[in-house]
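Visitor: My file is entry-v4.csv. It has CSV, C-alpha atoms and all ligand atoms:
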```
chain,number,residue,atom,x,y,z
S,1,MET,CA,-71.2,-12.8,-74.8
S,2,LYS,CA,-69.6,-10.7,-72.2
S,3,GLU,CA,-66.5,-11.2,-70.2
S,4,LEU,CA,-66.4,-11.4,-66.4
S,5,ASP,CA,-66.1,-8.1,-64.7
S,6,LEU,CA,-64.3,-9.0,-61.5
S,7,PHE,CA,-63.7,-5.4,-60.6
S,8,LYS,CA,-67.4,-5.1,-59.7
S,9,ILE,CA,-67.0,-7.5,-56.8
S,10,GLU,CA,-65.0,-5.3,-54.5
S,11,PRO,CA,-67.5,-2.3,-54.3
S,12,TYR,CA,-70.4,-4.9,-54.1
S,13,CYS,CA,-68.7,-6.6,-51.2
S,14,ALA,CA,-68.4,-3.2,-49.5
S,15,TYR,CA,-72.1,-2.5,-50.0
S,16,LEU,CA,-73.1,-5.9,-48.6
S,17,LEU,CA,-70.9,-5.4,-45.5
S,18,LYS,CA,-72.3,-1.9,-44.9
S,19,ASN,CA,-75.8,-3.5,-44.9
S,20,ASN,CA,-74.9,-6.1,-42.2
S,21,ILE,CA,-74.8,-9.1,-44.6
S,22,LYS,CA,-72.9,-11.9,-42.9
S,23,ALA,CA,-72.3,-14.4,-45.7
S,24,ILE,CA,-72.3,-14.7,-49.5
S,25,TYR,CA,-73.4,-17.7,-51.6
S,26,VAL,CA,-71.1,-17.5,-54.6
S,27,ASN,CA,-72.1,-19.0,-58.0
S,28,GLY,CA,-75.6,-19.9,-56.9
S,29,THR,CA,-78.8,-19.3,-58.8
S,30,THR,CA,-78.6,-15.5,-58.7
S,31,GLY,CA,-74.9,-15.5,-59.6
S,32,GLU,CA,-75.8,-17.7,-62.6
S,33,GLY,CA,-73.1,-20.2,-61.6
S,34,LYS,CA,-74.5,-22.9,-63.8
S,35,SER,CA,-74.2,-20.7,-66.9
S,36,LEU,CA,-70.5,-20.1,-66.2
S,37,THR,CA,-67.5,-22.3,-67.0
S,38,LYS,CA,-65.6,-23.8,-64.1
S,39,ASP,CA,-62.7,-21.5,-64.7
S,40,GLU,CA,-64.9,-18.5,-64.5
S,41,ARG,CA,-66.4,-19.9,-61.3
S,42,LYS,CA,-63.0,-20.3,-59.8
S,43,LYS,CA,-62.0,-16.8,-60.6
S,44,ILE,CA,-65.2,-15.4,-59.1
S,45,LEU,CA,-64.7,-17.4,-55.9
S,46,GLU,CA,-61.1,-16.4,-55.5
S,47,LYS,CA,-62.0,-12.7,-56.0
S,48,TRP,CA,-64.7,-12.9,-53.3
S,49,ILE,CA,-62.3,-14.5,-50.9
S,50,GLN,CA,-59.7,-11.9,-51.6
S,51,VAL,CA,-61.8,-8.8,-51.3
S,52,SER,CA,-63.9,-9.9,-48.3
S,53,GLU,CA,-60.8,-10.4,-46.2
S,54,GLY,CA,-62.6,-12.7,-43.8
S,55,ARG,CA,-65.4,-10.3,-43.1
S,56,LEU,CA,-68.0,-12.3,-45.0
S,57,LYS,CA,-68.4,-16.1,-44.7
S,58,ILE,CA,-68.0,-17.5,-48.2
S,59,VAL,CA,-70.1,-20.4,-49.3
S,60,ALA,CA,-69.0,-21.8,-52.7
S,61,HIS,CA,-71.8,-23.3,-54.7
S,62,VAL,CA,-70.2,-26.2,-56.7
S,63,GLY,CA,-73.2,-27.8,-58.3
S,64,VAL,CA,-72.8,-28.5,-62.0
S,65,LEU,CA,-73.9,-31.1,-64.6
S,66,ASN,CA,-71.2,-33.6,-64.0
S,67,VAL,CA,-69.9,-34.7,-60.7
S,68,ARG,CA,-66.2,-34.7,-61.6
S,69,GLU,CA,-66.3,-30.9,-62.2
S,70,SER,CA,-68.3,-30.4,-58.9
S,71,LYS,CA,-65.5,-32.3,-57.2
S,72,GLU,CA,-62.9,-30.2,-58.8
S,73,LEU,CA,-64.7,-27.0,-57.8
S,74,ALA,CA,-65.1,-28.4,-54.2
S,75,LYS,CA,-61.4,-29.1,-53.9
S,76,HIS,CA,-60.6,-25.7,-55.3
S,77,ALA,CA,-63.0,-24.1,-52.8
S,78,GLU,CA,-61.2,-25.8,-49.9
S,79,GLU,CA,-57.7,-24.9,-51.2
S,80,SER,CA,-58.7,-21.3,-51.9
S,81,GLY,CA,-60.0,-20.7,-48.3
S,82,ALA,CA,-63.8,-20.8,-48.7
S,83,ASP,CA,-65.8,-21.3,-45.5
S,84,ALA,CA,-68.3,-23.9,-46.8
S,85,ILE,CA,-69.5,-25.6,-50.0
S,86,ALA,CA,-73.0,-26.3,-51.3
S,87,SER,CA,-74.3,-28.3,-54.1
S,88,LEU,CA,-77.5,-28.9,-56.1
S,89,PRO,CA,-78.5,-32.5,-56.9
S,90,PRO,CA,-77.8,-34.1,-60.3
S,91,LEU,CA,-79.6,-31.9,-62.8
S,92,PHE,CA,-80.4,-34.0,-65.8
S,93,PHE,CA,-80.4,-37.7,-65.0
S,94,LYS,CA,-82.1,-37.1,-61.7
S,95,PRO,CA,-81.8,-39.3,-58.7
S,96,GLN,CA,-84.7,-41.7,-58.3
S,97,CYS,CA,-84.3,-42.2,-54.6
S,98,ILE,CA,-82.7,-40.5,-51.6
S,99,ASP,CA,-79.8,-43.0,-51.5
S,100,THR,CA,-78.6,-42.0,-54.9
S,101,LEU,CA,-78.8,-38.3,-53.9
S,102,ILE,CA,-76.8,-39.0,-50.8
S,103,GLU,CA,-74.2,-40.8,-52.9
S,104,HIS,CA,-73.9,-37.8,-55.2
S,105,CYS,CA,-73.5,-35.4,-52.2
S,106,LYS,CA,-71.0,-37.6,-50.5
S,107,ALA,CA,-68.8,-37.8,-53.6
S,108,ILE,CA,-68.6,-34.0,-53.5
S,109,ALA,CA,-68.4,-33.4,-49.7
S,110,ASP,CA,-65.6,-36.0,-49.4
S,111,VAL,CA,-63.1,-34.0,-51.5
S,112,ALA,CA,-63.5,-31.0,-49.2
S,113,PRO,CA,-63.6,-32.8,-45.8
S,114,HIS,CA,-62.6,-29.8,-43.8
S,115,LEU,CA,-65.5,-27.7,-45.1
S,116,PRO,CA,-69.1,-27.8,-44.0
S,117,PHE,CA,-71.3,-29.1,-46.8
S,118,TYR,CA,-74.8,-27.8,-47.6
S,119,TYR,CA,-77.4,-29.4,-49.8
S,120,TYR,CA,-79.1,-26.9,-52.1
S,121,HIS,CA,-82.8,-27.8,-52.2
S,122,LEU,CA,-84.5,-25.9,-55.0
S,123,PRO,CA,-87.1,-28.3,-56.3
S,124,ILE,CA,-89.0,-25.9,-58.5
S,125,MET,CA,-85.9,-25.5,-60.7
S,126,THR,CA,-84.3,-29.0,-60.3
S,127,GLY,CA,-87.3,-31.2,-60.2
S,128,VAL,CA,-85.7,-33.2,-57.4
S,129,ASP,CA,-88.1,-33.1,-54.5
S,130,PHE,CA,-87.6,-35.7,-51.8
S,131,ASN,CA,-88.5,-35.3,-48.2
S,132,MET,CA,-85.6,-33.3,-46.8
S,133,GLU,CA,-86.1,-34.4,-43.2
S,134,ASN,CA,-85.5,-38.0,-44.3
S,135,PHE,CA,-82.6,-36.9,-46.5
S,136,LEU,CA,-80.8,-35.1,-43.7
S,137,ARG,CA,-81.4,-37.9,-41.2
S,138,GLU,CA,-79.9,-40.5,-43.6
S,139,ALA,CA,-77.2,-38.3,-45.2
S,140,LYS,CA,-75.6,-37.4,-41.9
S,141,LYS,CA,-74.8,-41.1,-41.3
S,142,SER,CA,-72.4,-41.1,-44.2
S,143,ILE,CA,-71.4,-37.5,-44.8
S,144,PRO,CA,-69.5,-36.3,-41.7
S,145,ASN,CA,-69.2,-32.7,-42.9
S,146,LEU,CA,-72.9,-32.4,-43.7
S,147,ALA,CA,-73.8,-29.1,-42.1
S,148,GLY,CA,-77.3,-28.4,-43.3
S,149,ILE,CA,-79.5,-27.3,-46.1
S,150,LYS,CA,-80.3,-24.3,-48.2
S,151,PHE,CA,-84.0,-24.8,-48.2
S,152,SER,CA,-85.5,-23.0,-51.2
S,153,SER,CA,-88.9,-24.7,-51.2
S,154,LYS,CA,-92.2,-23.4,-49.9
S,155,ASP,CA,-92.9,-26.7,-48.1
S,156,LEU,CA,-92.7,-25.6,-44.5
S,157,VAL,CA,-94.2,-29.0,-43.4
S,158,ASP,CA,-91.0,-30.5,-44.5
S,159,MET,CA,-88.8,-27.7,-43.3
S,160,ILE,CA,-89.8,-28.0,-39.7
S,161,GLY,CA,-88.6,-31.6,-39.7
S,162,CYS,CA,-85.2,-30.4,-41.0
S,163,VAL,CA,-85.1,-27.8,-38.2
S,164,PHE,CA,-85.4,-30.5,-35.6
S,165,GLN,CA,-82.6,-32.6,-37.0
S,166,ASP,CA,-79.6,-32.3,-34.5
S,167,ASN,CA,-76.8,-30.0,-35.5
S,168,MET,CA,-78.3,-29.1,-38.9
S,169,ASN,CA,-78.2,-25.5,-40.1
S,170,VAL,CA,-81.3,-24.6,-42.1
S,171,VAL,CA,-81.1,-21.5,-44.2
S,172,PHE,CA,-84.3,-20.4,-46.0
S,173,GLY,CA,-84.2,-19.4,-49.6
S,174,CYS,CA,-87.8,-18.4,-50.5
S,175,ASP,CA,-87.7,-14.6,-50.0
S,176,GLU,CA,-91.5,-14.2,-50.5
S,177,GLN,CA,-92.1,-16.5,-47.5
S,178,LEU,CA,-89.2,-15.7,-45.2
S,179,LEU,CA,-91.3,-14.5,-42.3
S,180,ALA,CA,-93.1,-17.9,-42.2
S,181,GLY,CA,-89.7,-19.6,-42.7
S,182,LEU,CA,-88.2,-17.8,-39.7
S,183,VAL,CA,-91.2,-18.4,-37.5
S,184,THR,CA,-91.0,-22.1,-38.4
S,185,GLY,CA,-87.4,-22.1,-37.2
S,186,ALA,CA,-85.1,-21.5,-40.1
S,187,HIS,CA,-81.7,-20.4,-38.7
S,188,GLY,CA,-81.0,-17.8,-41.4
S,189,ALA,CA,-81.8,-16.7,-44.9
S,190,VAL,CA,-80.2,-16.7,-48.3
S,191,GLY,CA,-81.9,-15.3,-51.3
S,192,SER,CA,-81.6,-13.2,-54.4
S,193,THR,CA,-83.5,-10.1,-53.3
S,194,HIS,CA,-81.4,-9.7,-50.1
S,195,ASN,CA,-78.8,-8.5,-52.5
S,196,PHE,CA,-80.5,-5.3,-53.5
S,197,MET,CA,-82.9,-4.7,-50.6
S,198,PRO,CA,-81.1,-5.9,-47.5
S,199,LYS,CA,-82.8,-3.3,-45.3
S,200,VAL,CA,-86.2,-4.7,-45.8
S,201,PHE,CA,-85.1,-8.1,-44.5
S,202,GLU,CA,-83.1,-6.5,-41.7
S,203,ARG,CA,-86.2,-4.7,-40.5
S,204,MET,CA,-88.3,-7.8,-40.8
S,205,MET,CA,-85.9,-9.8,-38.7
S,206,GLU,CA,-85.7,-7.0,-36.1
S,207,ASN,CA,-89.5,-6.8,-36.0
S,208,ILE,CA,-89.7,-10.6,-35.3
S,209,LYS,CA,-87.2,-10.1,-32.5
S,210,THR,CA,-89.2,-7.4,-30.9
S,211,GLY,CA,-92.5,-9.1,-31.5
S,212,GLU,CA,-93.9,-6.5,-33.8
S,213,MET,CA,-95.5,-9.0,-36.1
S,214,GLN,CA,-97.8,-6.7,-38.0
S,215,LYS,CA,-94.7,-4.6,-39.1
S,216,ALA,CA,-92.9,-7.8,-40.0
S,217,ARG,CA,-95.9,-8.8,-42.2
S,218,GLU,CA,-95.8,-5.4,-43.9
S,219,GLU,CA,-92.1,-6.0,-44.8
S,220,GLN,CA,-93.0,-9.4,-46.1
S,221,LEU,CA,-95.7,-8.0,-48.3
S,222,ARG,CA,-93.2,-5.5,-49.7
S,223,VAL,CA,-90.9,-8.3,-50.7
S,224,GLN,CA,-93.8,-10.2,-52.4
S,225,LYS,CA,-94.8,-7.1,-54.4
S,226,LEU,CA,-91.3,-6.7,-55.5
S,227,CYS,CA,-91.0,-10.3,-56.5
S,228,ARG,CA,-94.2,-10.1,-58.6
S,229,LEU,CA,-92.7,-7.2,-60.5
S,230,MET,CA,-89.4,-9.0,-60.9
S,231,TYR,CA,-91.1,-12.0,-62.5
S,232,LYS,CA,-93.3,-9.8,-64.6
S,233,TYR,CA,-90.5,-7.9,-66.2
S,234,GLY,CA,-87.5,-10.2,-65.7
S,235,LYS,CA,-86.2,-12.9,-68.0
S,236,SER,CA,-86.5,-15.8,-65.6
S,237,LYS,CA,-89.0,-18.6,-66.5
S,238,TYR,CA,-89.2,-19.5,-62.8
S,239,LYS,CA,-92.8,-18.6,-61.7
S,240,LYS,CA,-95.0,-19.5,-58.9
Z,1,LIG,C1,-85.2,-19.8,-57.9
Z,1,LIG,C2,-84.5,-18.7,-57.2
Z,1,LIG,O1,-83.9,-17.8,-57.8
Z,1,LIG,N1,-84.4,-18.8,-55.9
Z,1,LIG,C3,-83.8,-17.8,-55.0
Z,1,LIG,C4,-82.9,-18.5,-54.0
Z,1,LIG,O2,-83.1,-19.6,-53.6
Z,1,LIG,C5,-84.8,-17.0,-54.3
Z,1,LIG,O3,-84.1,-16.0,-53.5
Z,1,LIG,C6,-85.8,-16.3,-55.2
Z,1,LIG,O4,-85.1,-15.6,-56.2
Z,1,LIG,C7,-86.7,-15.3,-54.5
Z,1,LIG,O5,-87.4,-16.0,-53.5
Z,1,LIG,C8,-87.7,-14.7,-55.4
Z,1,LIG,O6,-88.6,-15.7,-55.9
Z,2,LIG,C1,-79.8,-16.4,-53.7
Z,2,LIG,C2,-79.5,-17.8,-53.7
Z,2,LIG,O1,-79.8,-18.4,-52.8
Z,2,LIG,C3,-78.9,-18.3,-54.9
Z,2,LIG,O2,-78.7,-17.4,-55.8
Z,2,LIG,O3,-78.7,-19.5,-55.1
```
In structure tokens, write the structure found in this file.

Guide:
Amino acid sequence: MKELDLFKIEPYCAYLLKNNIKAIYVNGTTGEGKSLTKDERKKILEKWIQVSEGRLKIVAHVGVLNVRESKELAKHAEESGADAIASLPPLFFKPQCIDTLIEHCKAIADVAPHLPFYYYHLPIMTGVDFNMENFLREAKKSIPNLAGIKFSSKDLVDMIGCVFQDNMNVVFGCDEQLLAGLVTGAHGAVGSTHNFMPKVFERMMENIKTGEMQKAREEQLRVQKLCRLMYKYGKSKYKK
């Protein structure tokens, strides 16, 4: 069991800024947020806010096994100066319908009313897999600060419906499929492999802008090859 090394955050932040990264999703999947205590998560968030000095948008992921702690983390995020919060669904006793999921998200979003709230849709890990277009349409009626979704599913049929929801920001989280996600209308990207190969994604996005689609596909293939290696040798049980 190792202690947190908060001193790693400052040079890492400098590296991300140098590579034109605009925002950071703190304590998400890659940051192993759910394996940390709430005090560790608070310390990490505070450090990011301190070292980024407003140069990166800070999204605090507050999803955890019990909703009281999620609310505590959400309140802490707002008080500490984060730019947005995000949460996973309930992770063990899973919601059986969209209304229960909305209730859960609302409980968290309501304690940080001045911050945009994002739902973290990662069905392959959470097992919670409702239609997200329906979720957003219904959730925005009762969650005034609902800002959008971090969409980490490969279901682009569902995602295009989310993209066409008014005022909803859709950020795509499946790095292997980002090209298709962007072409389908995702407004941005958030994913683990951006952290260590930001240039590949920067080139892919530039290629889309200039209409050089074959080059964009080549960058996408590069990401897929890397992910295959990552899952072959890494410790994660998450597989396609
Ligand atoms: C489960 C998981 O880690 N998802 C990440 C974010 O949502 C992704 O960025 C993946 O790591 C990436 O797409 C590689 O599969
Ligand atoms: C990368 C990402 O989206 C996460 O770690 O949650």

Visitor: From the set S:Leu91, S:Leu156, S:Glu10, S:Leu115, which residue has the shortest atom-to-atom contact distance to S:Ile58, counting all atoms listed in the file?

Guide: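 Going through S:Leu91, S:Leu156, S:Glu10, S:Leu115 one by one, the smallest distance to S:Ile58 is for S:Leu115.
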
Visitor: Enumerate residues in contact with ligand LIG 2 (chain Z): an atom-to-atom distance of at most 7 Å, counting only C-alpha atoms and all ligand atoms. Format the result as a PyMOL selection string.

Guide: chain S and resi 25+28-31+173+190-192

Visitor: S:Leu101, S:Met125, S:Ala186, S:Val62: which is nearest ligand LIG 1 (chain Z), counting all atoms listed in the file?

Guide: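 Comparing S:Leu101, S:Met125, S:Ala186, S:Val62 against ligand LIG 1 (chain Z), the winner is S:Met125.
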
Visitor: Pick the closest to S:Phe196 from S:Leu226, S:Asn169, S:Gly161, S:Val26: which is it, counting only C-alpha atoms?

Guide: S:Leu226

Visitor: Identify which of the residues S:Leu178, S:Asp155, S:Asn207, S:Ala60 lies closest to S:His194, counting all atoms listed in the file when measuring atom-to-atom distances.

Guide: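 Looking only at the distances to S:His194, the closest residue turns out to be S:Leu178.
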
Visitor: Give me the residues of chain S that have any atom at most 10 Å from an atom of ligand LIG 1 (chain Z); for each, the nearest atom pair and the distance in Å, rounded to one decimal. Use only C-alpha atoms and all ligand atoms, sort by chain and number, and format it as CSV.

Guide:
```
residue,atom,partner,partner_atom,distance
S:Tyr25,CA,Z:LIG1,C4,9.8
S:Gly28,CA,Z:LIG1,C4,8.0
S:Thr29,CA,Z:LIG1,O1,5.4
S:Thr30,CA,Z:LIG1,O1,5.8
S:Gly31,CA,Z:LIG1,O1,9.5
S:Glu32,CA,Z:LIG1,O1,9.4
S:Tyr120,CA,Z:LIG1,O2,8.5
S:His121,CA,Z:LIG1,O2,8.3
S:Leu122,CA,Z:LIG1,O2,6.6
S:Pro123,CA,Z:LIG1,C1,8.9
S:Ile124,CA,Z:LIG1,C1,7.2
S:Met125,CA,Z:LIG1,C1,6.4
S:Thr126,CA,Z:LIG1,C1,9.6
S:Lys150,CA,Z:LIG1,O2,7.7
S:Phe151,CA,Z:LIG1,O2,7.6
S:Ser152,CA,Z:LIG1,O2,4.8
S:Ser153,CA,Z:LIG1,O2,8.1
S:Lys154,CA,Z:LIG1,O5,9.5
S:Val171,CA,Z:LIG1,O2,9.8
S:Phe172,CA,Z:LIG1,O2,7.7
S:Gly173,CA,Z:LIG1,O2,4.2
S:Cys174,CA,Z:LIG1,O5,3.9
S:Asp175,CA,Z:LIG1,O5,3.8
S:Glu176,CA,Z:LIG1,O5,5.4
S:Gln177,CA,Z:LIG1,O5,7.6
S:Leu178,CA,Z:LIG1,O5,8.5
S:Ala189,CA,Z:LIG1,O3,8.9
S:Val190,CA,Z:LIG1,O3,6.5
S:Gly191,CA,Z:LIG1,O3,3.2
S:Ser192,CA,Z:LIG1,O3,3.9
S:Thr193,CA,Z:LIG1,O3,5.9
S:His194,CA,Z:LIG1,O3,7.7
S:Asn195,CA,Z:LIG1,O3,9.2
S:Val223,CA,Z:LIG1,C8,8.6
S:Gln224,CA,Z:LIG1,C8,8.2
S:Leu226,CA,Z:LIG1,C8,8.8
S:Cys227,CA,Z:LIG1,C8,5.6
S:Arg228,CA,Z:LIG1,O6,8.4
S:Met230,CA,Z:LIG1,C8,8.1
S:Tyr231,CA,Z:LIG1,O6,8.0
S:Ser236,CA,Z:LIG1,O1,8.5
S:Lys237,CA,Z:LIG1,C1,9.5
S:Tyr238,CA,Z:LIG1,C1,6.3
S:Lys239,CA,Z:LIG1,O6,7.7
S:Lys240,CA,Z:LIG1,O6,8.0
```

Visitor: Within 7 Å of stretch 93-100 of chain S, counting all atoms listed in the file, which residues qualify if same-chain residues fewer than 5 places away don't, as a list of chain:residue names?

Guide: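 Near neighbours after the sequence-gap exclusion: S:Val128, S:Phe130, S:Phe135.
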
Visitor: Pick out the residues sitting within 9 Å of S:Arg55, and hand them over as a compact mmCIF listing (two decimals) with C-alpha atoms, in the coordinates of the input; count all atoms listed in the file, and ignore anything fewer than 5 positions along from it in its own chain.

Guide:
```txt
# COMPACT_ATOMS: atom_id res chain seq x y z
CA LEU S 17 -70.90 -5.40 -45.50
CA LYS S 22 -72.90 -11.90 -42.90
CA ALA S 23 -72.30 -14.40 -45.70
```

Visitor: With all atoms listed in the file as the basis for distance, which of S:Asp83, S:Glu40, S:Leu229, S:Leu88 is at the shortest distance from S:Asp5?

Guide: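 The shortest atom-to-atom distance to S:Asp5 comes from S:Glu40.
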
Visitor: Out of S:Gly185, S:Pro11, S:Pro90, S:Gly54, which residue has the shortest atom-to-atom distance to S:His104 when counting all atoms listed in the file?

Guide: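 With all atoms listed in the file as the atom set, the closest residue is S:Pro90.
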
Visitor: Could you name the residues that touch S:Val183 at 12 Å or less, counting all atoms listed in the file, but leaving out those on the same chain fewer than 5 positions away, as a list in words?

Guide: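 So the residues in contact are Leu156, Met159, Ile160, Val163, Phe172, Gln177, Leu178, Gly188, Met204, Met205, Asn207, Ile208, Lys209, Gly211, Met213, Ala216 and Arg217 of chain S.
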
Visitor: Within 9 Å of S:Cys162, counting only C-alpha atoms, which residues qualify if same-chain residues fewer than 2 places away don't, as a compact mmCIF listing (two decimals) with C-alpha atoms, in the frame of the given file?

Guide:
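Saved as around_1.txt:
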```txt
# COMPACT_ATOMS: atom_id res chain seq x y z
CA MET S 132 -85.60 -33.30 -46.80
CA GLU S 133 -86.10 -34.40 -43.20
CA ASN S 134 -85.50 -38.00 -44.30
CA PHE S 135 -82.60 -36.90 -46.50
CA LEU S 136 -80.80 -35.10 -43.70
CA ARG S 137 -81.40 -37.90 -41.20
CA GLY S 148 -77.30 -28.40 -43.30
CA ILE S 149 -79.50 -27.30 -46.10
CA ASP S 158 -91.00 -30.50 -44.50
CA MET S 159 -88.80 -27.70 -43.30
CA ILE S 160 -89.80 -28.00 -39.70
CA PHE S 164 -85.40 -30.50 -35.60
CA GLN S 165 -82.60 -32.60 -37.00
CA ASP S 166 -79.60 -32.30 -34.50
CA MET S 168 -78.30 -29.10 -38.90
CA ASN S 169 -78.20 -25.50 -40.10
CA VAL S 170 -81.30 -24.60 -42.10
CA ALA S 186 -85.10 -21.50 -40.10
```

Visitor: Can you pull out the residues contacting S:Glu79? Cut-off 9 Å, using all atoms listed in the file, and skip same-chain residues under 4 positions away; I want them as a VMD selection string.

Guide: chain S and resid 74 to 75 112

Visitor: Could I get stretch 70-94 of chain S from the block written as a short mmCIF file (atom, residue, chain, number, x, y, z; two decimals), in the first residue's frame, with N, CA and C atoms?

Guide:
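Final output, selection-v6.cif:
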```
data_model
loop_
_atom_site.label_atom_id
_atom_site.label_comp_id
_atom_site.auth_asym_id
_atom_site.auth_seq_id
_atom_site.Cartn_x
_atom_site.Cartn_y
_atom_site.Cartn_z
N SER S 70 -20.72 10.76 -1.88
CA SER S 70 -20.72 11.48 -3.16
C SER S 70 -21.15 12.93 -2.93
N LYS S 71 -22.16 13.11 -2.09
CA LYS S 71 -22.63 14.47 -1.82
C LYS S 71 -21.55 15.28 -1.10
N GLU S 72 -20.88 14.61 -0.18
CA GLU S 72 -19.80 15.31 0.53
C GLU S 72 -18.70 15.73 -0.45
N LEU S 73 -18.37 14.82 -1.37
CA LEU S 73 -17.33 15.15 -2.37
C LEU S 73 -17.81 16.25 -3.32
N ALA S 74 -19.08 16.24 -3.65
CA ALA S 74 -19.63 17.27 -4.55
C ALA S 74 -19.56 18.64 -3.89
N LYS S 75 -19.94 18.68 -2.63
CA LYS S 75 -19.92 19.95 -1.88
C LYS S 75 -18.47 20.45 -1.78
N HIS S 76 -17.60 19.51 -1.47
CA HIS S 76 -16.17 19.87 -1.36
C HIS S 76 -15.65 20.41 -2.70
N ALA S 77 -16.07 19.78 -3.79
CA ALA S 77 -15.61 20.22 -5.12
C ALA S 77 -16.05 21.66 -5.37
N GLU S 78 -17.30 21.95 -5.04
CA GLU S 78 -17.79 23.32 -5.28
C GLU S 78 -17.04 24.32 -4.40
N GLU S 79 -16.88 23.97 -3.14
CA GLU S 79 -16.20 24.89 -2.22
C GLU S 79 -14.73 25.09 -2.58
N SER S 80 -14.14 24.06 -3.17
CA SER S 80 -12.70 24.15 -3.49
C SER S 80 -12.43 24.88 -4.81
N GLY S 81 -13.47 25.08 -5.62
CA GLY S 81 -13.26 25.82 -6.87
C GLY S 81 -13.13 24.95 -8.11
N ALA S 82 -13.66 23.73 -8.07
CA ALA S 82 -13.69 22.91 -9.30
C ALA S 82 -14.64 23.58 -10.31
N ASP S 83 -14.50 23.21 -11.58
CA ASP S 83 -15.35 23.82 -12.62
C ASP S 83 -16.60 23.01 -12.90
N ALA S 84 -16.58 21.73 -12.56
CA ALA S 84 -17.74 20.87 -12.82
C ALA S 84 -17.61 19.61 -11.97
N ILE S 85 -18.72 18.90 -11.81
CA ILE S 85 -18.66 17.59 -11.17
C ILE S 85 -19.27 16.54 -12.09
N ALA S 86 -18.93 15.29 -11.81
CA ALA S 86 -19.48 14.18 -12.59
C ALA S 86 -19.68 13.00 -11.65
N SER S 87 -20.64 12.17 -12.00
CA SER S 87 -20.80 10.96 -11.17
C SER S 87 -21.23 9.75 -11.98
N LEU S 88 -20.74 8.61 -11.52
CA LEU S 88 -21.21 7.31 -11.99
C LEU S 88 -22.59 7.05 -11.36
N PRO S 89 -23.27 6.01 -11.83
CA PRO S 89 -24.54 5.62 -11.19
C PRO S 89 -24.25 4.86 -9.89
N PRO S 90 -25.29 4.47 -9.14
CA PRO S 90 -25.06 3.55 -8.02
C PRO S 90 -24.38 2.29 -8.55
N LEU S 91 -23.42 1.77 -7.80
CA LEU S 91 -22.55 0.75 -8.38
C LEU S 91 -22.83 -0.68 -7.91
N PHE S 92 -23.57 -0.83 -6.83
CA PHE S 92 -23.79 -2.20 -6.35
C PHE S 92 -25.28 -2.55 -6.43
N PHE S 93 -26.09 -1.86 -5.67
CA PHE S 93 -27.54 -1.99 -5.86
C PHE S 93 -27.90 -1.06 -7.01
N LYS S 94 -28.00 -1.62 -8.18
CA LYS S 94 -28.11 -0.78 -9.37
C LYS S 94 -29.54 -0.32 -9.60
#
```
